[in-house]
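Have a look at data15.cif below; it lists mmCIF, C-alpha atoms.
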```cif
data_upload
loop_
_atom_site.group_PDB
_atom_site.id
_atom_site.type_symbol
_atom_site.label_atom_id
_atom_site.label_comp_id
_atom_site.auth_asym_id
_atom_site.auth_seq_id
_atom_site.Cartn_x
_atom_site.Cartn_y
_atom_site.Cartn_z
ATOM 1 C CA MET A 15 -13.664 -32.353 9.169
ATOM 2 C CA ALA A 16 -15.281 -30.073 6.601
ATOM 3 C CA THR A 17 -14.125 -30.393 3.026
ATOM 4 C CA THR A 18 -12.299 -27.665 1.140
ATOM 5 C CA PHE A 19 -13.583 -27.215 -2.390
ATOM 6 C CA LEU A 20 -11.371 -25.318 -4.834
ATOM 7 C CA THR A 21 -13.638 -24.389 -7.725
ATOM 8 C CA ASN A 22 -11.771 -23.088 -10.745
ATOM 9 C CA LEU A 23 -14.020 -21.063 -13.022
ATOM 10 C CA LYS A 24 -11.718 -21.381 -16.024
ATOM 11 C CA GLY A 25 -13.820 -23.992 -17.754
ATOM 12 C CA HIS A 26 -17.056 -22.083 -17.371
ATOM 13 C CA TYR A 27 -16.444 -18.346 -17.279
ATOM 14 C CA GLN A 28 -13.936 -15.944 -18.718
ATOM 15 C CA THR A 29 -10.899 -15.569 -16.487
ATOM 16 C CA LEU A 30 -7.413 -14.132 -16.788
ATOM 17 C CA ASN A 31 -6.719 -16.895 -19.303
ATOM 18 C CA ASN A 32 -8.700 -14.977 -21.889
ATOM 19 C CA ASP A 33 -7.762 -13.651 -25.287
ATOM 20 C CA GLY A 34 -6.326 -10.490 -23.727
ATOM 21 C CA ASP A 35 -8.837 -8.052 -25.172
ATOM 22 C CA ASP A 36 -8.500 -5.818 -22.129
ATOM 23 C CA VAL A 37 -4.701 -5.757 -22.558
ATOM 24 C CA ILE A 38 -4.991 -4.886 -26.245
ATOM 25 C CA GLN A 39 -7.512 -2.145 -25.495
ATOM 26 C CA GLY A 40 -5.406 -0.705 -22.682
ATOM 27 C CA LEU A 41 -2.075 -0.706 -24.530
ATOM 28 C CA THR A 42 -3.449 0.749 -27.763
ATOM 29 C CA ARG A 43 -5.228 3.694 -26.175
ATOM 30 C CA ASN A 44 -3.659 7.058 -25.424
ATOM 31 C CA PRO A 45 -2.714 7.353 -22.624
ATOM 32 C CA LYS A 46 -2.061 3.668 -22.002
ATOM 33 C CA THR A 47 -3.613 1.819 -19.068
ATOM 34 C CA LEU A 48 -3.966 -1.718 -17.748
ATOM 35 C CA PRO A 49 -6.532 -3.400 -15.461
ATOM 36 C CA ALA A 50 -5.324 -3.790 -11.877
ATOM 37 C CA LYS A 51 -6.199 -7.515 -11.931
ATOM 38 C CA TYR A 52 -2.908 -8.123 -13.775
ATOM 39 C CA PHE A 53 -1.024 -7.297 -10.573
ATOM 40 C CA TYR A 54 -2.022 -10.641 -9.113
ATOM 41 C CA ASP A 55 0.020 -13.552 -10.323
ATOM 42 C CA ARG A 56 1.852 -15.604 -7.661
ATOM 43 C CA GLN A 57 4.675 -13.065 -7.318
ATOM 44 C CA GLY A 58 2.307 -10.098 -7.314
ATOM 45 C CA SER A 59 0.183 -11.626 -4.569
ATOM 46 C CA GLN A 60 3.261 -12.250 -2.447
ATOM 47 C CA LEU A 61 4.480 -8.692 -2.988
ATOM 48 C CA PHE A 62 1.103 -7.315 -1.967
ATOM 49 C CA GLU A 63 1.281 -9.304 1.267
ATOM 50 C CA GLN A 64 4.649 -7.601 1.890
ATOM 51 C CA ILE A 65 3.116 -4.192 1.142
ATOM 52 C CA CYS A 66 0.514 -4.795 3.830
ATOM 53 C CA GLU A 67 3.329 -5.105 6.412
ATOM 54 C CA LEU A 68 5.126 -1.875 5.446
ATOM 55 C CA PRO A 69 5.294 0.926 8.047
ATOM 56 C CA GLU A 70 3.991 3.494 5.530
ATOM 57 C CA TYR A 71 1.048 1.349 4.414
ATOM 58 C CA TYR A 72 -1.567 2.176 7.045
ATOM 59 C CA PRO A 73 -4.752 0.615 5.486
ATOM 60 C CA THR A 74 -4.169 -3.015 6.495
ATOM 61 C CA ARG A 75 -3.215 -2.455 10.120
ATOM 62 C CA THR A 76 -5.852 0.259 10.577
ATOM 63 C CA GLU A 77 -8.653 -1.895 9.191
ATOM 64 C CA ALA A 78 -7.393 -4.847 11.252
ATOM 65 C CA SER A 79 -7.597 -2.725 14.404
ATOM 66 C CA ILE A 80 -11.235 -1.919 13.622
ATOM 67 C CA LEU A 81 -12.030 -5.592 13.049
ATOM 68 C CA ARG A 82 -10.259 -6.531 16.286
ATOM 69 C CA GLU A 83 -12.495 -4.124 18.193
ATOM 70 C CA TYR A 84 -15.794 -4.723 16.443
ATOM 71 C CA SER A 85 -15.873 -8.254 14.943
ATOM 72 C CA ASP A 86 -17.822 -9.595 17.929
ATOM 73 C CA GLU A 87 -20.443 -6.897 17.441
ATOM 74 C CA ILE A 88 -20.661 -7.610 13.707
ATOM 75 C CA ALA A 89 -21.176 -11.318 14.408
ATOM 76 C CA GLN A 90 -23.865 -10.551 16.977
ATOM 77 C CA ILE A 91 -25.732 -8.377 14.463
ATOM 78 C CA THR A 92 -25.690 -10.911 11.621
ATOM 79 C CA GLY A 93 -25.944 -14.160 13.575
ATOM 80 C CA ALA A 94 -25.122 -17.439 11.803
ATOM 81 C CA CYS A 95 -24.352 -16.746 8.169
ATOM 82 C CA GLU A 96 -22.393 -17.613 5.062
ATOM 83 C CA LEU A 97 -19.328 -15.374 4.784
ATOM 84 C CA VAL A 98 -18.397 -14.472 1.198
ATOM 85 C CA GLU A 99 -15.150 -12.520 0.855
ATOM 86 C CA LEU A 100 -14.231 -10.665 -2.324
ATOM 87 C CA GLY A 101 -10.480 -10.439 -2.985
ATOM 88 C CA SER A 102 -9.654 -12.677 -0.037
ATOM 89 C CA GLY A 103 -5.888 -12.993 -0.652
ATOM 90 C CA SER A 104 -4.300 -14.687 2.354
ATOM 91 C CA SER A 105 -7.486 -14.194 4.445
ATOM 92 C CA THR A 106 -5.402 -12.768 7.311
ATOM 93 C CA LYS A 107 -7.912 -10.180 8.539
ATOM 94 C CA THR A 108 -10.749 -12.635 7.909
ATOM 95 C CA ARG A 109 -9.549 -14.684 10.867
ATOM 96 C CA LEU A 110 -10.726 -11.892 13.170
ATOM 97 C CA LEU A 111 -14.268 -12.392 11.863
ATOM 98 C CA LEU A 112 -14.022 -16.195 11.887
ATOM 99 C CA ASP A 113 -12.838 -16.103 15.505
ATOM 100 C CA ALA A 114 -15.789 -13.901 16.454
ATOM 101 C CA TYR A 115 -18.359 -16.224 14.884
ATOM 102 C CA GLN A 116 -16.642 -19.266 16.396
ATOM 103 C CA ALA A 117 -16.551 -17.673 19.870
ATOM 104 C CA GLN A 118 -20.314 -17.200 19.726
ATOM 105 C CA ASN A 119 -20.879 -20.742 18.425
ATOM 106 C CA TYR A 120 -22.484 -19.471 15.246
ATOM 107 C CA SER A 121 -22.554 -21.793 12.283
ATOM 108 C CA CYS A 122 -20.826 -20.288 9.281
ATOM 109 C CA LYS A 123 -19.468 -21.206 5.892
ATOM 110 C CA TYR A 124 -16.593 -19.315 4.269
ATOM 111 C CA VAL A 125 -16.455 -18.584 0.539
ATOM 112 C CA PRO A 126 -13.182 -16.810 -0.365
ATOM 113 C CA ILE A 127 -12.964 -15.325 -3.877
ATOM 114 C CA ASP A 128 -9.748 -14.256 -5.572
ATOM 115 C CA VAL A 129 -8.166 -14.124 -9.041
ATOM 116 C CA SER A 130 -4.918 -15.669 -7.751
ATOM 117 C CA GLU A 131 -5.405 -19.436 -7.624
ATOM 118 C CA SER A 132 -2.080 -20.102 -5.872
ATOM 119 C CA ILE A 133 -2.652 -17.816 -2.895
ATOM 120 C CA LEU A 134 -6.319 -18.822 -2.666
ATOM 121 C CA GLU A 135 -5.516 -22.525 -2.492
ATOM 122 C CA ALA A 136 -2.706 -22.004 0.034
ATOM 123 C CA SER A 137 -4.880 -19.870 2.323
ATOM 124 C CA ALA A 138 -7.840 -22.276 2.076
ATOM 125 C CA ILE A 139 -5.654 -25.234 3.048
ATOM 126 C CA GLN A 140 -4.185 -23.362 6.028
ATOM 127 C CA LEU A 141 -7.604 -22.147 7.181
ATOM 128 C CA GLN A 142 -8.941 -25.686 7.039
ATOM 129 C CA LYS A 143 -6.140 -26.803 9.362
ATOM 130 C CA ASP A 144 -6.784 -23.933 11.770
ATOM 131 C CA TYR A 145 -10.596 -24.129 11.630
ATOM 132 C CA PRO A 146 -11.304 -27.855 11.122
ATOM 133 C CA ASN A 147 -15.072 -27.481 11.478
ATOM 134 C CA LEU A 148 -15.350 -24.628 8.992
ATOM 135 C CA GLN A 149 -16.804 -25.437 5.586
ATOM 136 C CA ILE A 150 -14.812 -23.641 2.884
ATOM 137 C CA LYS A 151 -15.612 -23.312 -0.786
ATOM 138 C CA ALA A 152 -13.004 -21.240 -2.625
ATOM 139 C CA LEU A 153 -13.830 -19.643 -5.970
ATOM 140 C CA VAL A 154 -11.116 -18.623 -8.428
ATOM 141 C CA GLY A 155 -12.189 -15.754 -10.646
ATOM 142 C CA THR A 156 -13.108 -12.103 -10.831
ATOM 143 C CA TYR A 157 -15.767 -10.718 -8.521
ATOM 144 C CA GLU A 158 -18.327 -10.656 -11.309
ATOM 145 C CA GLN A 159 -17.668 -14.255 -12.325
ATOM 146 C CA ALA A 160 -17.655 -15.626 -8.799
ATOM 147 C CA LEU A 161 -20.716 -13.726 -7.573
ATOM 148 C CA ALA A 162 -22.635 -15.151 -10.517
ATOM 149 C CA GLN A 163 -21.740 -18.654 -9.211
ATOM 150 C CA LEU A 164 -23.211 -18.171 -5.730
ATOM 151 C CA LYS A 165 -26.082 -20.502 -4.912
ATOM 152 C CA PRO A 166 -28.756 -19.818 -2.285
ATOM 153 C CA THR A 167 -27.267 -20.392 1.146
ATOM 154 C CA SER A 168 -28.590 -22.996 3.576
ATOM 155 C CA LEU A 169 -27.719 -20.721 6.506
ATOM 156 C CA PRO A 170 -30.104 -18.061 7.846
ATOM 157 C CA ALA A 171 -28.262 -15.253 6.063
ATOM 158 C CA ARG A 172 -25.288 -14.372 3.899
ATOM 159 C CA MET A 173 -22.737 -11.594 4.413
ATOM 160 C CA ILE A 174 -20.622 -10.500 1.482
ATOM 161 C CA PHE A 175 -17.605 -8.530 2.623
ATOM 162 C CA PHE A 176 -15.103 -6.475 0.680
ATOM 163 C CA LEU A 177 -12.163 -5.349 2.805
ATOM 164 C CA GLY A 178 -9.020 -3.314 2.205
ATOM 165 C CA SER A 179 -10.850 -0.491 0.401
ATOM 166 C CA SER A 180 -10.388 -2.443 -2.829
ATOM 167 C CA ILE A 181 -13.564 -0.753 -3.996
ATOM 168 C CA GLY A 182 -11.349 2.322 -4.385
ATOM 169 C CA ASN A 183 -9.802 0.666 -7.446
ATOM 170 C CA PHE A 184 -13.107 1.111 -9.296
ATOM 171 C CA THR A 185 -13.939 4.132 -11.404
ATOM 172 C CA PRO A 186 -17.182 5.888 -10.398
ATOM 173 C CA GLN A 187 -18.996 3.992 -13.154
ATOM 174 C CA GLU A 188 -17.534 0.635 -12.068
ATOM 175 C CA TYR A 189 -18.362 1.472 -8.452
ATOM 176 C CA ASP A 190 -21.998 2.072 -9.366
ATOM 177 C CA LEU A 191 -22.239 -1.172 -11.358
ATOM 178 C CA PHE A 192 -20.569 -3.114 -8.550
ATOM 179 C CA LEU A 193 -23.071 -1.895 -5.953
ATOM 180 C CA ASN A 194 -25.883 -2.886 -8.318
ATOM 181 C CA GLN A 195 -24.439 -6.392 -8.547
ATOM 182 C CA ILE A 196 -24.071 -6.708 -4.777
ATOM 183 C CA ARG A 197 -27.680 -5.626 -4.327
ATOM 184 C CA ASP A 198 -28.859 -8.148 -6.929
ATOM 185 C CA VAL A 199 -26.917 -11.052 -5.377
ATOM 186 C CA LEU A 200 -28.090 -10.443 -1.812
ATOM 187 C CA ALA A 201 -31.442 -11.783 -0.690
ATOM 188 C CA PRO A 202 -33.611 -9.482 1.431
ATOM 189 C CA GLY A 203 -32.119 -9.384 4.921
ATOM 190 C CA ASP A 204 -28.617 -10.393 3.816
ATOM 191 C CA TYR A 205 -25.616 -8.258 4.767
ATOM 192 C CA PHE A 206 -22.783 -6.378 3.062
ATOM 193 C CA LEU A 207 -19.662 -5.273 4.943
ATOM 194 C CA LEU A 208 -17.539 -2.718 3.086
ATOM 195 C CA GLY A 209 -14.089 -1.399 3.994
ATOM 196 C CA ILE A 210 -13.269 2.098 2.737
ATOM 197 C CA ASP A 211 -10.142 4.222 2.952
ATOM 198 C CA LEU A 212 -11.060 7.713 4.082
ATOM 199 C CA GLN A 213 -9.673 11.037 2.894
ATOM 200 C CA LYS A 214 -6.596 12.269 4.781
ATOM 201 C CA PRO A 215 -3.461 14.457 4.320
ATOM 202 C CA ILE A 216 -1.692 14.028 0.980
ATOM 203 C CA GLU A 217 1.705 13.291 2.561
ATOM 204 C CA ILE A 218 0.301 10.230 4.354
ATOM 205 C CA LEU A 219 -1.410 8.974 1.203
ATOM 206 C CA GLU A 220 1.548 9.371 -1.141
ATOM 207 C CA ALA A 221 3.992 7.800 1.320
ATOM 208 C CA ALA A 222 1.792 4.713 1.526
ATOM 209 C CA TYR A 223 2.178 4.072 -2.213
ATOM 210 C CA ASN A 224 5.808 5.170 -2.602
ATOM 211 C CA ASP A 225 7.342 3.183 0.236
ATOM 212 C CA SER A 226 10.992 3.650 1.129
ATOM 213 C CA GLN A 227 11.822 -0.053 0.638
ATOM 214 C CA GLY A 228 10.564 -0.066 -2.965
ATOM 215 C CA VAL A 229 8.122 -2.945 -2.471
ATOM 216 C CA THR A 230 5.240 -1.079 -4.120
ATOM 217 C CA ALA A 231 7.516 -0.241 -7.051
ATOM 218 C CA ALA A 232 8.351 -3.946 -7.427
ATOM 219 C CA PHE A 233 4.641 -4.788 -7.214
ATOM 220 C CA ASN A 234 3.834 -2.277 -9.972
ATOM 221 C CA LEU A 235 6.670 -3.443 -12.239
ATOM 222 C CA ASN A 236 5.734 -7.082 -11.695
ATOM 223 C CA MET A 237 2.617 -6.437 -13.765
ATOM 224 C CA LEU A 238 4.897 -6.300 -16.820
ATOM 225 C CA ASP A 239 6.522 -9.614 -15.878
ATOM 226 C CA HIS A 240 3.044 -11.093 -15.492
ATOM 227 C CA LEU A 241 2.137 -9.958 -19.009
ATOM 228 C CA ASN A 242 5.397 -11.430 -20.309
ATOM 229 C CA TRP A 243 4.504 -14.803 -18.831
ATOM 230 C CA ARG A 244 0.819 -14.783 -19.705
ATOM 231 C CA PHE A 245 1.059 -13.383 -23.236
ATOM 232 C CA GLN A 246 4.619 -14.296 -24.253
ATOM 233 C CA GLY A 247 5.834 -10.718 -24.067
ATOM 234 C CA ASN A 248 9.247 -9.086 -23.924
ATOM 235 C CA PHE A 249 8.742 -6.164 -21.532
ATOM 236 C CA ASP A 250 12.046 -5.037 -20.016
ATOM 237 C CA THR A 251 11.163 -3.778 -16.533
ATOM 238 C CA SER A 252 14.474 -1.887 -16.316
ATOM 239 C CA LEU A 253 13.047 0.551 -18.890
ATOM 240 C CA PHE A 254 10.207 1.621 -16.551
ATOM 241 C CA THR A 255 9.977 3.379 -13.202
ATOM 242 C CA HIS A 256 7.177 3.518 -10.624
ATOM 243 C CA GLN A 257 5.402 6.589 -9.264
ATOM 244 C CA ALA A 258 2.229 7.136 -7.263
ATOM 245 C CA ILE A 259 0.625 10.572 -6.922
ATOM 246 C CA TYR A 260 -2.494 11.842 -5.200
ATOM 247 C CA ASN A 261 -4.985 13.544 -7.492
ATOM 248 C CA GLN A 262 -6.706 16.001 -5.140
ATOM 249 C CA GLU A 263 -9.449 16.902 -7.610
ATOM 250 C CA GLU A 264 -10.528 13.277 -7.981
ATOM 251 C CA ASN A 265 -9.616 12.242 -4.407
ATOM 252 C CA GLN A 266 -7.593 9.299 -5.643
ATOM 253 C CA ILE A 267 -4.112 7.845 -5.679
ATOM 254 C CA GLU A 268 -2.928 7.213 -9.241
ATOM 255 C CA MET A 269 -0.173 4.676 -9.803
ATOM 256 C CA TYR A 270 1.936 4.937 -12.953
ATOM 257 C CA LEU A 271 4.744 3.225 -14.815
ATOM 258 C CA HIS A 272 6.934 5.766 -16.645
ATOM 259 C CA CYS A 273 8.825 4.693 -19.762
ATOM 260 C CA GLN A 274 12.484 5.783 -19.707
ATOM 261 C CA LYS A 275 13.493 4.942 -23.272
ATOM 262 C CA SER A 276 11.739 4.664 -26.645
ATOM 263 C CA HIS A 277 11.314 1.024 -27.647
ATOM 264 C CA VAL A 278 8.849 -1.565 -28.980
ATOM 265 C CA VAL A 279 7.253 -4.372 -26.955
ATOM 266 C CA HIS A 280 5.868 -7.510 -28.595
ATOM 267 C CA LEU A 281 3.178 -9.639 -26.923
ATOM 268 C CA GLU A 282 3.407 -12.695 -29.132
ATOM 269 C CA SER A 283 0.247 -14.571 -28.159
ATOM 270 C CA LEU A 284 -1.815 -11.400 -28.707
ATOM 271 C CA ASP A 285 -0.064 -10.619 -31.997
ATOM 272 C CA LEU A 286 0.437 -7.134 -30.581
ATOM 273 C CA LYS A 287 3.339 -4.719 -30.984
ATOM 274 C CA VAL A 288 3.323 -1.667 -28.739
ATOM 275 C CA ASN A 289 5.392 1.455 -29.373
ATOM 276 C CA TRP A 290 6.668 3.246 -26.289
ATOM 277 C CA GLU A 291 8.088 6.750 -26.219
ATOM 278 C CA ALA A 292 10.582 8.027 -23.655
ATOM 279 C CA GLY A 293 8.661 9.902 -20.970
ATOM 280 C CA GLU A 294 5.362 8.133 -21.744
ATOM 281 C CA SER A 295 3.284 7.096 -18.723
ATOM 282 C CA MET A 296 0.843 4.230 -18.198
ATOM 283 C CA LEU A 297 -1.830 4.233 -15.481
ATOM 284 C CA THR A 298 -1.910 0.884 -13.667
ATOM 285 C CA GLU A 299 -4.173 1.607 -10.697
ATOM 286 C CA ILE A 300 -6.398 4.155 -9.049
ATOM 287 C CA SER A 301 -7.207 4.054 -5.343
ATOM 288 C CA ARG A 302 -10.055 6.382 -4.502
ATOM 289 C CA LYS A 303 -10.421 7.822 -1.007
ATOM 290 C CA PHE A 304 -13.909 8.270 0.355
ATOM 291 C CA ASP A 305 -16.170 10.300 2.583
ATOM 292 C CA LEU A 306 -18.036 7.952 4.928
ATOM 293 C CA GLU A 307 -21.379 9.758 4.825
ATOM 294 C CA THR A 308 -21.332 9.892 1.019
ATOM 295 C CA VAL A 309 -20.723 6.132 0.809
ATOM 296 C CA GLN A 310 -23.572 5.483 3.232
ATOM 297 C CA LYS A 311 -25.887 7.524 0.996
ATOM 298 C CA ASP A 312 -24.691 5.580 -2.071
ATOM 299 C CA LEU A 313 -25.419 2.285 -0.345
ATOM 300 C CA ASP A 314 -28.813 3.438 0.878
ATOM 301 C CA PHE A 315 -29.746 4.548 -2.642
ATOM 302 C CA LYS A 316 -29.031 0.997 -3.830
ATOM 303 C CA GLY A 317 -31.292 -0.535 -1.199
ATOM 304 C CA LEU A 318 -28.425 -1.385 1.163
ATOM 305 C CA LYS A 319 -29.389 0.241 4.448
ATOM 306 C CA THR A 320 -26.517 1.076 6.805
ATOM 307 C CA ILE A 321 -26.875 -0.647 10.164
ATOM 308 C CA LYS A 322 -23.673 0.697 11.672
ATOM 309 C CA SER A 323 -20.322 2.136 10.633
ATOM 310 C CA PHE A 324 -17.063 1.607 12.487
ATOM 311 C CA THR A 325 -13.899 3.738 12.326
ATOM 312 C CA ASP A 326 -10.514 3.971 14.023
ATOM 313 C CA SER A 327 -9.590 6.737 16.449
ATOM 314 C CA GLN A 328 -7.993 8.849 13.691
ATOM 315 C CA ASN A 329 -10.866 8.375 11.236
ATOM 316 C CA TRP A 330 -8.418 7.072 8.648
ATOM 317 C CA PHE A 331 -10.466 4.039 7.672
ATOM 318 C CA GLY A 332 -14.070 2.927 7.856
ATOM 319 C CA LEU A 333 -16.120 -0.275 7.871
ATOM 320 C CA THR A 334 -19.790 -0.026 6.989
ATOM 321 C CA LEU A 335 -22.213 -2.866 7.698
ATOM 322 C CA CYS A 336 -25.432 -2.645 5.747
ATOM 323 C CA GLN A 337 -28.402 -4.886 5.043
ATOM 324 C CA ALA A 338 -30.371 -5.562 1.874
ATOM 325 C CA ALA A 339 -33.856 -4.125 2.098
ATOM 326 C CA ARG A 340 -36.525 -6.627 3.117
#
```
Rewrite the coordinates I just gave you, this time as structure tokens.
Amino acid sequence: MATTFLTNLKGHYQTLNNDGDDVIQGLTRNPKTLPAKYFYDRQGSQLFEQICELPEYYPTRTEASILREYSDEIAQITGACELVELGSGSSTKTRLLLDAYQAQNYSCKYVPIDVSESILEASAIQLQKDYPNLQIKALVGTYEQALAQLKPTSLPARMIFFLGSSIGNFTPQEYDLFLNQIRDVLAPGDYFLLGIDLQKPIEILEAAYNDSQGVTAAFNLNMLDHLNWRFQGNFDTSLFTHQAIYNQEENQIEMYLHCQKSHVVHLESLDLKVNWEAGESMLTEISRKFDLETVQKDLDFKGLKTIKSFTDSQNWFGLTLCQAAR
């Protein structure tokens, strides 16, 4: 049986257990904002798994349908390789890829990367039970931290994959820097598989982030509970409400927390007091929606040549497989 290694980067690289500079910067600017990574404590990760099952939230099931149809073809293109997943979460969709490589008797190693240690450890343990011959090395940290820890692979190639259109959470500047980092980490001939949410009618987009059961609202508000726990804060989530809107000019969903009453929040471990005004809004996430051809051009410009792109029948979601220039 292969061994599961849970490598915690906390002793070596900056992680969420930092001095909270990004929180201080976000809460003292006008308008206020917070990094989306603070969604993902144990409760936040569980809520996101629930979001993925909601009838309004099309991305997960649509991307899964693409993987179901094309994972065998992806495995045939790459051959035996090390699979590195960014933002792996519960690794549910990853099983479609693992099954494809296993069916073709390709050797592979799986390296899941996530900021949530609890969900990463739980998923790695379950995967090891279900795939006893799979070597797993799980890395706890941000994408930047974990990618910097990757060693040369002993397999013929490596494929980094980034599913769920999580790249949509990046600003254009962050998106550009991220693609640079992917290019720099990949050896010539290695692969990158990117999931992207495509542009579609506004009513479909806004419904996906304002679900009727209120799970996305709970997920958004949980960020405040996470800050309370991590930085000894006293946020009262009852004083905030959730809203997601689609910004048509920027082609992005914007998720907000709206303050309902003027009050002061104290984050004790940061020695930070934050004044809130009634009606004030804080941006907690963006989710950009893409044009497939534009993304392919962006990848090509970075030296990541598109081999093939895969979409669903409605063209709601896309997967692009590209290869680092030789």
Can you pull out the residues contacting A:Tyr270? Cut-off 9 Å, using all atoms listed in the file, and skip same-chain residues under 5 positions away; I want them as a VMD selection string. chain A and resid 47 234 255 to 259 295 to 299
Rounded to one decimal in Å, what is the spacing between atom CA of A:Asn119 and atom CA of A:Arg172?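 Taking atom CA of A:Asn119 and atom CA of A:Arg172, their separation equals 16.5 Å.
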Kindly give the distance, in Å, that separates atom CA of A:Thr108 and atom CA of A:Leu177, rounded to a single decimal. 9.0 Å
Evaluated on this file, the PyMOL selection byres ((chain A and resi 114-118) around 6) picks out some residues - which ones are they, written as a PyMOL selection string? chain A and resi 85-86+89+111-113+119-120
Neighbours of A:Ser105 within 12 Å (all atoms listed in the file; same-chain residues fewer than 5 positions away dropped), as a PDB file with C-alpha atoms, in the frame of the given file?
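File written: selection-v4.pdb
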```pdb
ATOM      1  CA  GLU A  63       1.281  -9.304   1.267  1.00  0.00           C
ATOM      2  CA  THR A  74      -4.169  -3.015   6.495  1.00  0.00           C
ATOM      3  CA  ALA A  78      -7.393  -4.847  11.252  1.00  0.00           C
ATOM      4  CA  LEU A  97     -19.328 -15.374   4.784  1.00  0.00           C
ATOM      5  CA  VAL A  98     -18.397 -14.472   1.198  1.00  0.00           C
ATOM      6  CA  GLU A  99     -15.150 -12.520   0.855  1.00  0.00           C
ATOM      7  CA  LEU A 100     -14.231 -10.665  -2.324  1.00  0.00           C
ATOM      8  CA  LEU A 110     -10.726 -11.892  13.170  1.00  0.00           C
ATOM      9  CA  LEU A 111     -14.268 -12.392  11.863  1.00  0.00           C
ATOM     10  CA  LEU A 112     -14.022 -16.195  11.887  1.00  0.00           C
ATOM     11  CA  TYR A 124     -16.593 -19.315   4.269  1.00  0.00           C
ATOM     12  CA  VAL A 125     -16.455 -18.584   0.539  1.00  0.00           C
ATOM     13  CA  PRO A 126     -13.182 -16.810  -0.365  1.00  0.00           C
ATOM     14  CA  ILE A 127     -12.964 -15.325  -3.877  1.00  0.00           C
ATOM     15  CA  ASP A 128      -9.748 -14.256  -5.572  1.00  0.00           C
ATOM     16  CA  ILE A 133      -2.652 -17.816  -2.895  1.00  0.00           C
ATOM     17  CA  LEU A 134      -6.319 -18.822  -2.666  1.00  0.00           C
ATOM     18  CA  GLU A 135      -5.516 -22.525  -2.492  1.00  0.00           C
ATOM     19  CA  ALA A 136      -2.706 -22.004   0.034  1.00  0.00           C
ATOM     20  CA  SER A 137      -4.880 -19.870   2.323  1.00  0.00           C
ATOM     21  CA  ALA A 138      -7.840 -22.276   2.076  1.00  0.00           C
ATOM     22  CA  ILE A 139      -5.654 -25.234   3.048  1.00  0.00           C
ATOM     23  CA  GLN A 140      -4.185 -23.362   6.028  1.00  0.00           C
ATOM     24  CA  LEU A 141      -7.604 -22.147   7.181  1.00  0.00           C
ATOM     25  CA  GLN A 142      -8.941 -25.686   7.039  1.00  0.00           C
ATOM     26  CA  ALA A 152     -13.004 -21.240  -2.625  1.00  0.00           C
ATOM     27  CA  PHE A 175     -17.605  -8.530   2.623  1.00  0.00           C
ATOM     28  CA  PHE A 176     -15.103  -6.475   0.680  1.00  0.00           C
ATOM     29  CA  LEU A 177     -12.163  -5.349   2.805  1.00  0.00           C
ATOM     30  CA  GLY A 178      -9.020  -3.314   2.205  1.00  0.00           C
TER      31      GLY A 178
END
```
Given the choices A:Leu212, A:Leu207, A:Val154, A:Val199, which gets closest to A:Leu335 if the distance is worked out from only C-alpha atoms?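 Result for the nearest residue to A:Leu335: A:Leu207.
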From A:Asn289, A:Gln310, A:Asn224, A:Thr325, residue lying nearest A:Leu68 [only C-alpha atoms]: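 Closest to A:Leu68 of all the choices is A:Asn224.
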Atom-to-atom span, atom CA of A:Val309 and atom CA of A:Leu164, Å: 25.3 Å
Go through A:Gly34, A:Glu263, A:Leu219, A:Leu313 and flag the residue nearest A:Gln246, using only C-alpha atoms for the distances. A:Gly34
Within 10 Å of stretch 327-329 of chain A, counting only C-alpha atoms, which residues qualify if same-chain residues fewer than 2 places away don't, as a JSON list (two decimals) with C-alpha atoms, in the frame of the given file?
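To be explicit, this is the file written out as around11.json:
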```json
[["chain", "number", "residue", "atom", "x", "y", "z"],
["A", 76, "THR", "CA", -5.85, 0.26, 10.58],
["A", 79, "SER", "CA", -7.60, -2.72, 14.40],
["A", 80, "ILE", "CA", -11.24, -1.92, 13.62],
["A", 211, "ASP", "CA", -10.14, 4.22, 2.95],
["A", 212, "LEU", "CA", -11.06, 7.71, 4.08],
["A", 213, "GLN", "CA", -9.67, 11.04, 2.89],
["A", 214, "LYS", "CA", -6.60, 12.27, 4.78],
["A", 306, "LEU", "CA", -18.04, 7.95, 4.93],
["A", 324, "PHE", "CA", -17.06, 1.61, 12.49],
["A", 325, "THR", "CA", -13.90, 3.74, 12.33],
["A", 331, "PHE", "CA", -10.47, 4.04, 7.67],
["A", 332, "GLY", "CA", -14.07, 2.93, 7.86]]
```
On this structure, which residues satisfy the PyMOL selection byres ((chain A and resi 61) around 9), written as a PyMOL selection string? chain A and resi 56-60+62-66+229-230+232-233+236
Residue among A:Ser179, A:Leu208, A:Leu284, A:Asp250 lying closest to A:Asp36, counting all atoms listed in the file: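 Smallest separation from A:Asp36 among the options: A:Leu284.
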Please write as a ChimeraX atom specification the full residue list that the PyMOL selection byres ((chain A and resi 245) around 8) yields on this file. /A:34,241-244,246-247,281-284
